[in-house]
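File shown here: upload25.cif, holding mmCIF, C-alpha atoms and all ligand atoms.
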```cif
data_start
loop_
_atom_site.group_PDB
_atom_site.id
_atom_site.type_symbol
_atom_site.label_atom_id
_atom_site.label_comp_id
_atom_site.auth_asym_id
_atom_site.auth_seq_id
_atom_site.Cartn_x
_atom_site.Cartn_y
_atom_site.Cartn_z
ATOM 1 C CA MET A 35 82.475 98.540 105.067
ATOM 2 C CA SER A 36 79.961 97.129 107.510
ATOM 3 C CA ASP A 37 76.262 97.657 106.795
ATOM 4 C CA VAL A 38 74.976 97.000 110.293
ATOM 5 C CA VAL A 39 77.096 97.255 113.431
ATOM 6 C CA TYR A 40 76.499 96.396 117.066
ATOM 7 C CA LEU A 41 77.161 99.013 119.726
ATOM 8 C CA ASN A 42 76.294 98.662 123.417
ATOM 9 C CA GLY A 43 73.111 96.654 123.032
ATOM 10 C CA GLU A 44 71.905 98.053 119.705
ATOM 11 C CA PHE A 45 72.177 97.121 116.050
ATOM 12 C CA LEU A 46 72.449 100.195 113.861
ATOM 13 C CA PRO A 47 73.867 101.430 110.547
ATOM 14 C CA LEU A 48 77.603 102.114 110.748
ATOM 15 C CA ASP A 49 77.181 105.833 110.013
ATOM 16 C CA GLN A 50 74.863 106.184 113.008
ATOM 17 C CA ALA A 51 77.141 104.466 115.536
ATOM 18 C CA ARG A 52 78.619 106.962 118.034
ATOM 19 C CA VAL A 53 80.903 106.635 121.046
ATOM 20 C CA SER A 54 81.892 109.311 123.523
ATOM 21 C CA VAL A 55 85.128 111.229 122.909
ATOM 22 C CA LEU A 56 85.913 110.349 126.538
ATOM 23 C CA ASP A 57 85.858 106.644 125.743
ATOM 24 C CA ARG A 58 89.088 105.181 127.131
ATOM 25 C CA GLY A 59 89.551 103.319 123.878
ATOM 26 C CA PHE A 60 89.832 106.718 122.158
ATOM 27 C CA ILE A 61 91.759 108.512 124.906
ATOM 28 C CA PHE A 62 94.152 105.763 126.081
ATOM 29 C CA GLY A 63 93.801 102.831 123.682
ATOM 30 C CA ASP A 64 92.433 101.082 126.770
ATOM 31 C CA GLY A 65 90.709 98.092 125.218
ATOM 32 C CA VAL A 66 91.106 94.776 123.432
ATOM 33 C CA TYR A 67 89.799 93.303 120.186
ATOM 34 C CA GLU A 68 89.401 90.225 118.030
ATOM 35 C CA VAL A 69 89.233 89.661 114.266
ATOM 36 C CA ILE A 70 87.302 86.509 113.373
ATOM 37 C CA PRO A 71 87.172 85.127 109.837
ATOM 38 C CA VAL A 72 83.778 83.920 108.625
ATOM 39 C CA TYR A 73 83.535 81.338 105.851
ATOM 40 C CA SER A 74 80.141 80.524 104.313
ATOM 41 C CA ARG A 75 78.531 82.481 107.189
ATOM 42 C CA HIS A 76 80.239 80.347 109.849
ATOM 43 C CA ALA A 77 82.704 81.951 112.250
ATOM 44 C CA PHE A 78 85.970 79.990 112.047
ATOM 45 C CA ARG A 79 87.445 78.735 115.339
ATOM 46 C CA LEU A 80 85.032 80.915 117.282
ATOM 47 C CA ALA A 81 85.579 79.152 120.634
ATOM 48 C CA GLU A 82 89.336 79.786 120.334
ATOM 49 C CA HIS A 83 88.801 83.481 119.495
ATOM 50 C CA LEU A 84 86.532 83.859 122.534
ATOM 51 C CA LYS A 85 89.124 82.145 124.736
ATOM 52 C CA ARG A 86 91.789 84.568 123.526
ATOM 53 C CA LEU A 87 89.402 87.496 124.097
ATOM 54 C CA GLN A 88 88.980 86.321 127.693
ATOM 55 C CA ARG A 89 92.763 86.117 128.139
ATOM 56 C CA SER A 90 93.184 89.660 126.768
ATOM 57 C CA LEU A 91 90.415 90.984 129.059
ATOM 58 C CA ASP A 92 91.987 89.233 132.068
ATOM 59 C CA ALA A 93 95.373 90.748 131.196
ATOM 60 C CA ILE A 94 93.970 94.286 131.194
ATOM 61 C CA ARG A 95 91.777 93.526 134.242
ATOM 62 C CA LEU A 96 88.488 94.245 132.512
ATOM 63 C CA ALA A 97 85.508 92.042 133.352
ATOM 64 C CA ASN A 98 84.049 90.277 130.335
ATOM 65 C CA PRO A 99 80.757 92.090 129.689
ATOM 66 C CA MET A 100 79.185 88.967 128.197
ATOM 67 C CA THR A 101 79.135 85.200 128.534
ATOM 68 C CA ASP A 102 80.501 83.081 125.687
ATOM 69 C CA ALA A 103 76.933 82.059 124.790
ATOM 70 C CA GLU A 104 75.970 85.739 124.513
ATOM 71 C CA TRP A 105 79.038 86.481 122.362
ATOM 72 C CA VAL A 106 78.199 83.581 120.049
ATOM 73 C CA GLN A 107 74.619 84.801 119.661
ATOM 74 C CA LEU A 108 75.698 88.381 118.976
ATOM 75 C CA ILE A 109 78.391 87.397 116.506
ATOM 76 C CA GLU A 110 75.917 85.194 114.638
ATOM 77 C CA GLU A 111 73.458 88.057 114.511
ATOM 78 C CA VAL A 112 76.060 90.500 113.150
ATOM 79 C CA ILE A 113 76.975 87.953 110.457
ATOM 80 C CA ALA A 114 73.297 87.414 109.572
ATOM 81 C CA ARG A 115 72.671 91.165 109.283
ATOM 82 C CA ASN A 116 75.590 91.736 106.900
ATOM 83 C CA PRO A 117 75.928 90.789 103.230
ATOM 84 C CA GLY A 118 78.447 88.290 101.938
ATOM 85 C CA GLU A 119 79.120 84.632 102.636
ATOM 86 C CA ASP A 120 82.713 85.255 103.729
ATOM 87 C CA GLN A 121 83.139 88.047 106.246
ATOM 88 C CA SER A 122 85.617 89.415 108.735
ATOM 89 C CA VAL A 123 84.062 90.180 112.109
ATOM 90 C CA TYR A 124 85.813 92.834 114.186
ATOM 91 C CA LEU A 125 84.898 93.152 117.845
ATOM 92 C CA GLN A 126 86.246 95.544 120.430
ATOM 93 C CA VAL A 127 85.740 96.007 124.154
ATOM 94 C CA THR A 128 87.042 99.129 125.864
ATOM 95 C CA ARG A 129 86.960 100.238 129.499
ATOM 96 C CA GLY A 130 84.211 102.723 128.572
ATOM 97 C CA ALA A 131 83.752 106.482 128.898
ATOM 98 C CA ALA A 132 84.987 108.323 132.000
ATOM 99 C CA SER A 133 86.667 111.616 132.863
ATOM 100 C CA ARG A 134 90.320 111.463 131.808
ATOM 101 C CA ASP A 135 92.445 109.799 134.481
ATOM 102 C CA HIS A 136 95.001 107.084 133.844
ATOM 103 C CA ALA A 137 93.759 105.013 136.806
ATOM 104 C CA PHE A 138 90.736 102.813 136.159
ATOM 105 C CA PRO A 139 87.412 104.647 136.572
ATOM 106 C CA LYS A 140 84.896 103.372 139.118
ATOM 107 C CA GLY A 141 81.610 102.205 137.654
ATOM 108 C CA ALA A 142 82.344 102.867 133.952
ATOM 109 C CA ARG A 143 80.412 100.620 131.584
ATOM 110 C CA PRO A 144 82.597 98.841 129.000
ATOM 111 C CA THR A 145 81.960 99.825 125.387
ATOM 112 C CA VAL A 146 81.209 96.827 123.187
ATOM 113 C CA PHE A 147 81.442 97.357 119.439
ATOM 114 C CA MET A 148 81.217 94.897 116.589
ATOM 115 C CA MET A 149 81.254 95.245 112.801
ATOM 116 C CA SER A 150 81.666 92.895 109.872
ATOM 117 C CA GLY A 151 83.067 93.524 106.408
ATOM 118 C CA PRO A 152 84.010 91.320 103.472
ATOM 119 C CA LEU A 153 86.795 88.821 104.168
ATOM 120 C CA VAL A 154 89.518 89.615 101.656
ATOM 121 C CA THR A 155 91.885 86.653 101.487
ATOM 122 C CA PRO A 156 95.036 86.788 99.311
ATOM 123 C CA GLY A 157 94.458 86.522 95.572
ATOM 124 C CA ARG A 158 95.938 83.930 93.273
ATOM 125 C CA GLU A 159 98.928 86.102 92.388
ATOM 126 C CA ALA A 160 99.984 86.507 96.033
ATOM 127 C CA VAL A 161 99.511 82.783 96.736
ATOM 128 C CA GLU A 162 101.493 81.728 93.650
ATOM 129 C CA ASN A 163 104.337 84.234 93.915
ATOM 130 C CA GLY A 164 104.398 85.139 97.589
ATOM 131 C CA VAL A 165 104.858 88.652 98.952
ATOM 132 C CA ALA A 166 107.742 90.923 99.931
ATOM 133 C CA ALA A 167 108.591 91.833 103.517
ATOM 134 C CA VAL A 168 111.181 94.009 105.212
ATOM 135 C CA SER A 169 112.814 93.383 108.556
ATOM 136 C CA ALA A 170 112.447 95.803 111.459
ATOM 137 C CA ILE A 171 113.285 96.009 115.136
ATOM 138 C CA ASP A 172 110.344 94.965 117.280
ATOM 139 C CA ASN A 173 109.921 98.084 119.386
ATOM 140 C CA ARG A 174 106.524 97.230 120.879
ATOM 141 C CA TRP A 175 105.788 96.656 124.566
ATOM 142 C CA LEU A 176 106.438 93.405 126.431
ATOM 143 C CA ARG A 177 102.827 92.159 126.397
ATOM 144 C CA CYS A 178 102.356 91.413 122.703
ATOM 145 C CA ASP A 179 100.276 88.402 123.779
ATOM 146 C CA VAL A 180 97.470 90.863 124.629
ATOM 147 C CA LYS A 181 95.324 91.721 121.606
ATOM 148 C CA SER A 182 95.247 95.385 122.604
ATOM 149 C CA VAL A 183 93.683 98.151 120.497
ATOM 150 C CA SER A 184 96.835 100.216 121.260
ATOM 151 C CA LEU A 185 98.330 99.439 117.861
ATOM 152 C CA LEU A 186 100.407 102.554 117.127
ATOM 153 C CA PRO A 187 103.737 100.648 117.022
ATOM 154 C CA ASN A 188 102.176 98.034 114.733
ATOM 155 C CA CYS A 189 100.788 100.799 112.472
ATOM 156 C CA LEU A 190 104.215 102.484 112.264
ATOM 157 C CA LEU A 191 105.909 99.169 111.470
ATOM 158 C CA ARG A 192 103.354 98.278 108.775
ATOM 159 C CA GLN A 193 103.596 101.769 107.235
ATOM 160 C CA GLY A 194 107.384 101.429 107.140
ATOM 161 C CA ALA A 195 106.972 98.178 105.219
ATOM 162 C CA ILE A 196 104.500 99.732 102.760
ATOM 163 C CA GLU A 197 106.809 102.698 102.144
ATOM 164 C CA ALA A 198 109.622 100.212 101.406
ATOM 165 C CA GLY A 199 107.413 98.604 98.758
ATOM 166 C CA ALA A 200 106.655 95.520 100.889
ATOM 167 C CA GLU A 201 103.529 94.007 102.438
ATOM 168 C CA GLU A 202 104.725 93.267 105.930
ATOM 169 C CA ALA A 203 107.430 93.856 108.493
ATOM 170 C CA VAL A 204 109.220 90.805 109.927
ATOM 171 C CA LEU A 205 110.168 91.741 113.480
ATOM 172 C CA PHE A 206 113.264 90.889 115.494
ATOM 173 C CA ARG A 207 113.803 91.585 119.184
ATOM 174 C CA GLY A 208 117.148 91.030 120.894
ATOM 175 C CA GLY A 209 118.396 88.981 117.958
ATOM 176 C CA TYR A 210 115.366 86.677 117.744
ATOM 177 C CA LEU A 211 112.364 86.478 115.427
ATOM 178 C CA THR A 212 109.078 87.514 117.037
ATOM 179 C CA GLU A 213 106.243 88.032 114.510
ATOM 180 C CA GLY A 214 104.912 90.489 111.906
ATOM 181 C CA SER A 215 103.119 93.816 112.421
ATOM 182 C CA ALA A 216 99.749 92.008 112.085
ATOM 183 C CA CYS A 217 100.615 88.335 111.616
ATOM 184 C CA ASN A 218 102.694 85.435 112.925
ATOM 185 C CA ILE A 219 105.844 84.356 111.080
ATOM 186 C CA PHE A 220 107.084 80.828 110.398
ATOM 187 C CA VAL A 221 110.451 79.648 109.083
ATOM 188 C CA VAL A 222 111.284 76.493 107.100
ATOM 189 C CA ARG A 223 114.853 75.159 107.163
ATOM 190 C CA ASN A 224 115.886 71.823 105.707
ATOM 191 C CA GLY A 225 112.267 70.660 105.576
ATOM 192 C CA THR A 226 111.543 71.487 109.247
ATOM 193 C CA LEU A 227 108.914 74.056 110.155
ATOM 194 C CA LEU A 228 110.141 76.406 112.905
ATOM 195 C CA ALA A 229 107.766 78.551 114.957
ATOM 196 C CA PRO A 230 108.582 81.089 117.688
ATOM 197 C CA PRO A 231 106.971 80.057 121.004
ATOM 198 C CA LYS A 232 103.678 81.671 122.013
ATOM 199 C CA ASP A 233 105.073 83.740 124.856
ATOM 200 C CA HIS A 234 104.569 87.368 125.912
ATOM 201 C CA LEU A 235 106.442 88.653 122.824
ATOM 202 C CA VAL A 236 103.970 87.405 120.213
ATOM 203 C CA LEU A 237 100.235 87.197 119.764
ATOM 204 C CA ALA A 238 98.990 83.619 120.106
ATOM 205 C CA GLY A 239 97.539 83.476 116.604
ATOM 206 C CA ILE A 240 94.530 81.292 115.969
ATOM 207 C CA THR A 241 95.862 80.640 112.445
ATOM 208 C CA TYR A 242 99.277 79.798 113.977
ATOM 209 C CA ASP A 243 97.631 76.915 115.861
ATOM 210 C CA VAL A 244 95.792 75.735 112.755
ATOM 211 C CA VAL A 245 99.042 75.748 110.756
ATOM 212 C CA LEU A 246 100.887 73.716 113.412
ATOM 213 C CA GLU A 247 98.033 71.197 113.535
ATOM 214 C CA LEU A 248 98.008 70.844 109.754
ATOM 215 C CA ALA A 249 101.801 70.505 109.577
ATOM 216 C CA ALA A 250 101.620 67.653 112.109
ATOM 217 C CA ARG A 251 98.815 66.026 110.132
ATOM 218 C CA LYS A 252 100.921 66.201 106.967
ATOM 219 C CA ASN A 253 103.983 64.775 108.772
ATOM 220 C CA VAL A 254 105.996 67.969 108.417
ATOM 221 C CA PRO A 255 108.592 68.046 111.229
ATOM 222 C CA VAL A 256 107.887 70.986 113.546
ATOM 223 C CA GLU A 257 110.055 72.738 116.134
ATOM 224 C CA VAL A 258 108.559 75.407 118.390
ATOM 225 C CA ARG A 259 111.534 77.317 119.761
ATOM 226 C CA GLU A 260 113.328 80.654 119.735
ATOM 227 C CA ILE A 261 114.610 81.445 116.246
ATOM 228 C CA PRO A 262 117.847 83.460 116.003
ATOM 229 C CA GLU A 263 117.771 86.269 113.438
ATOM 230 C CA ALA A 264 120.477 84.606 111.313
ATOM 231 C CA GLU A 265 118.393 81.448 111.067
ATOM 232 C CA ALA A 266 115.358 83.412 109.881
ATOM 233 C CA ARG A 267 117.461 85.353 107.373
ATOM 234 C CA GLY A 268 118.893 82.104 106.016
ATOM 235 C CA ALA A 269 115.467 80.435 105.739
ATOM 236 C CA ASP A 270 114.523 78.207 102.828
ATOM 237 C CA GLU A 271 110.962 79.456 103.293
ATOM 238 C CA LEU A 272 109.294 82.206 105.298
ATOM 239 C CA TRP A 273 105.537 82.333 105.832
ATOM 240 C CA LEU A 274 103.091 84.704 107.438
ATOM 241 C CA THR A 275 99.771 83.691 108.960
ATOM 242 C CA SER A 276 96.704 85.600 110.112
ATOM 243 C CA SER A 277 92.936 85.410 110.068
ATOM 244 C CA ALA A 278 92.798 87.571 106.944
ATOM 245 C CA LYS A 279 95.899 86.366 105.102
ATOM 246 C CA GLU A 280 95.478 82.683 106.080
ATOM 247 C CA VAL A 281 98.950 81.312 105.221
ATOM 248 C CA LEU A 282 101.070 83.163 102.693
ATOM 249 C CA ALA A 283 104.683 82.807 101.562
ATOM 250 C CA ILE A 284 107.141 85.667 102.027
ATOM 251 C CA THR A 285 109.418 85.331 99.006
ATOM 252 C CA ARG A 286 111.541 88.487 99.404
ATOM 253 C CA LEU A 287 113.051 89.825 102.610
ATOM 254 C CA ASP A 288 114.778 93.216 102.499
ATOM 255 C CA GLY A 289 114.895 92.988 98.697
ATOM 256 C CA LYS A 290 116.634 89.592 98.634
ATOM 257 C CA PRO A 291 114.982 86.321 97.606
ATOM 258 C CA VAL A 292 113.958 83.934 100.385
ATOM 259 C CA GLY A 293 115.231 80.480 99.339
ATOM 260 C CA ASN A 294 114.775 80.332 95.584
ATOM 261 C CA GLY A 295 112.428 83.318 95.646
ATOM 262 C CA LYS A 296 109.296 81.223 95.107
ATOM 263 C CA PRO A 297 106.776 79.727 97.557
ATOM 264 C CA GLY A 298 108.418 76.512 98.764
ATOM 265 C CA ALA A 299 107.439 72.856 98.814
ATOM 266 C CA VAL A 300 106.446 72.843 102.496
ATOM 267 C CA PHE A 301 104.330 75.983 102.000
ATOM 268 C CA LYS A 302 102.441 74.294 99.184
ATOM 269 C CA ILE A 303 101.616 71.272 101.370
ATOM 270 C CA VAL A 304 100.335 73.376 104.262
ATOM 271 C CA HIS A 305 98.540 75.952 102.100
ATOM 272 C CA GLN A 306 96.680 73.182 100.294
ATOM 273 C CA ALA A 307 95.872 71.478 103.618
ATOM 274 C CA PHE A 308 94.544 74.799 104.963
ATOM 275 C CA GLN A 309 92.175 75.236 102.016
ATOM 276 C CA GLU A 310 90.889 71.653 102.381
ATOM 277 C CA PHE A 311 90.561 71.967 106.149
ATOM 278 C CA LYS A 312 88.541 75.188 105.817
ATOM 279 C CA ARG A 313 86.149 73.557 103.365
ATOM 280 C CA ASP A 314 85.754 70.468 105.596
ATOM 281 C CA VAL A 315 85.078 72.462 108.740
ATOM 282 C CA MET A 316 82.468 74.570 106.976
ATOM 283 C CA ARG A 317 80.821 71.547 105.376
ATOM 284 C CA ARG A 318 80.472 69.962 108.807
ATOM 285 C CA ALA A 319 79.104 73.190 110.314
ATOM 286 C CA ALA A 320 76.493 73.624 107.540
HETATM 287 N N1 LIG B 401 95.920 90.531 113.339
HETATM 288 N N2 LIG B 401 100.221 88.833 115.423
HETATM 289 C C1 LIG B 401 99.679 90.057 115.380
HETATM 290 C C2 LIG B 401 100.453 91.208 115.909
HETATM 291 C C3 LIG B 401 98.389 90.234 114.833
HETATM 292 O O1 LIG B 401 97.844 91.464 114.798
HETATM 293 C C4 LIG B 401 97.689 89.121 114.306
HETATM 294 C C5 LIG B 401 96.321 89.242 113.709
HETATM 295 C C6 LIG B 401 98.305 87.853 114.367
HETATM 296 C C7 LIG B 401 97.626 86.602 113.848
HETATM 297 O O2 LIG B 401 96.565 86.183 114.670
HETATM 298 P P1 LIG B 401 95.319 85.399 114.070
HETATM 299 O O3 LIG B 401 95.870 84.225 113.346
HETATM 300 O O4 LIG B 401 94.530 85.005 115.261
HETATM 301 O O5 LIG B 401 94.582 86.322 113.134
HETATM 302 C C8 LIG B 401 99.564 87.752 114.951
HETATM 303 C C9 LIG B 401 94.545 90.783 112.964
HETATM 304 C C10 LIG B 401 94.073 89.996 111.792
HETATM 305 C C11 LIG B 401 94.348 92.284 112.823
HETATM 306 O O6 LIG B 401 94.811 92.993 113.702
HETATM 307 O O7 LIG B 401 93.699 92.732 111.874
#
```

So that I can check it, write out the structure of this file as structure tokens.
Amino acid sequence: MSDVVYLNGEFLPLDQARVSVLDRGFIFGDGVYEVIPVYSRHAFRLAEHLKRLQRSLDAIRLANPMTDAEWVQLIEEVIARNPGEDQSVYLQVTRGAASRDHAFPKGARPTVFMMSGPLVTPGREAVENGVAAVSAIDNRWLRCDVKSVSLLPNCLLRQGAIEAGAEEAVLFRGGYLTEGSACNIFVVRNGTLLAPPKDHLVLAGITYDVVLELAARKNVPVEVREIPEAEARGADELWLTSSAKEVLAITRLDGKPVGNGKPGAVFKIVHQAFQEFKRDVMRRAA
């Protein structure tokens, strides 16, 4: 839970932050967001998160209410005002409050909200044993590259996974792997790391890019291409990546073991590289 939040120009305690019930974020899910991991009080890959925010805003035709320099300053202030060395900053921009009409309102002021809570990365048990996932049909819209606050399909897919005793849903559309309900998915087959392309059917994950960079650095062969469902189901290793989960092995899919049912050799290389990389980046920033 965030101690101090930012809302439309003010810092205030979370329980005092109020938005209008006519806010288009509330009425239509008309807004975009970012989740930025913070290690040792430094926002990780902040420039990349701000670039993606700009792409999401452009896609929904909403003018960015702030410059990147202003975002950086605000994000740093939210981090400074909240406890904890490692945090998870959530920011959201909506089209603002206006009388209910699907068409864009004239002259509405965007709502800008930001909060920060503890960053909860996977514990030792999850890293050592991996997690379970279930497969599901990707029934979301065709602009999954937009980090939209309209997350009802993602919520339904995640809830389905939880009710099946799993952590995540691995999504397939038209016979191909897309991503998870709140993460990207990678496949390892015969020592090669396979990643679905960053097109309109997946969110261009910031962690996805980090993982591909680290794989290249560790000389893991990488192929970015469409992955047929059968190839994903026959994977030696399956991974999920996100700002909160970092990189985590999926060791059961639909109740069956993935590979030998344990986090694989390639996972271990990249997971270790991720932990080292994080420490290096933060040491240099300090
Ligand atoms: N989710 N795909 C989807 C659908 C996501 O929601 C996310 C992140 C990702 C991974 O992106 P990144 O590596 O930049 O975190 C992929 C965030 C964490 C969330 O909604 O809470």

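Going from CA of Asp37 (chain A) to CA of Val112 (chain A) covers 9.6 Å.
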
task: Could you please extract the residues within 10 Å of ligand LIG 401 (chain B), counting all atoms listed in the file, and hand them back as a PyMOL selection string?
output: chain A and resi 67-71+79+82-83+86+122-124+174+178-183+185+188-189+212-219+235-245+274-281

query: Taking all atoms listed in the file into account, which of A:Ile261, A:Leu87, A:Ile284, A:Ala97 comes nearest Glu202 (chain A)?
result: A:Ile284

message: So the first atom is CA of Arg89 (chain A) and the second is CA of Ile113 (chain A); what is the distance between them in Å, to one decimal place?
response: 23.8 Å

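Proximity ranking of A:His234, A:Arg286, A:Arg317, A:His136 relative to Val204 (chain A) places A:Arg286 first, based on all atoms listed in the file.
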
task: Rank A:Arg267, A:Arg177, A:Lys85, A:Arg223 by their smallest atom-to-atom distance to Val254 (chain A), using all atoms listed in the file, and report the top residue only.
output: A:Arg223

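Counting from CA of Leu96 (chain A), the distance to CA of Gln121 (chain A) is 27.5 Å.
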
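Distances from A:Thr145, A:Thr101, A:Asp92, A:Gly43 to Gly59 (chain A) were compared using all atoms listed in the file, and the smallest one belongs to A:Thr145.
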
- request: Can you give me, as a PyMOL selection string, the residues this file yields under the PyMOL selection byres (((chain A and resi 74) around 8) and not hetatm)?
  value: chain A and resi 72-73+75-76+119-120+316

Export, as a PDB file, in the frame of the given file, the selected residues with C-alpha atoms.
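Result file follows (part30.pdb):
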```
ATOM      1  CA  VAL A  72      83.778  83.920 108.625  1.00  0.00           C
ATOM      2  CA  TYR A  73      83.535  81.338 105.851  1.00  0.00           C
ATOM      3  CA  ARG A  75      78.531  82.481 107.189  1.00  0.00           C
ATOM      4  CA  HIS A  76      80.239  80.347 109.849  1.00  0.00           C
ATOM      5  CA  GLU A 119      79.120  84.632 102.636  1.00  0.00           C
ATOM      6  CA  ASP A 120      82.713  85.255 103.729  1.00  0.00           C
ATOM      7  CA  MET A 316      82.468  74.570 106.976  1.00  0.00           C
TER       8      MET A 316
END
```

Enclose all atoms of region 288-296 of chain A listed in the file in an axis-aligned box, grow every side by 4 Å, and hand back centre and edge lengths in Å to one decimal, as lines of an AutoDock Vina configuration file.
```
center_x = 113.0
center_y = 86.8
center_z = 98.8
size_x = 15.3
size_y = 20.9
size_z = 15.4
```
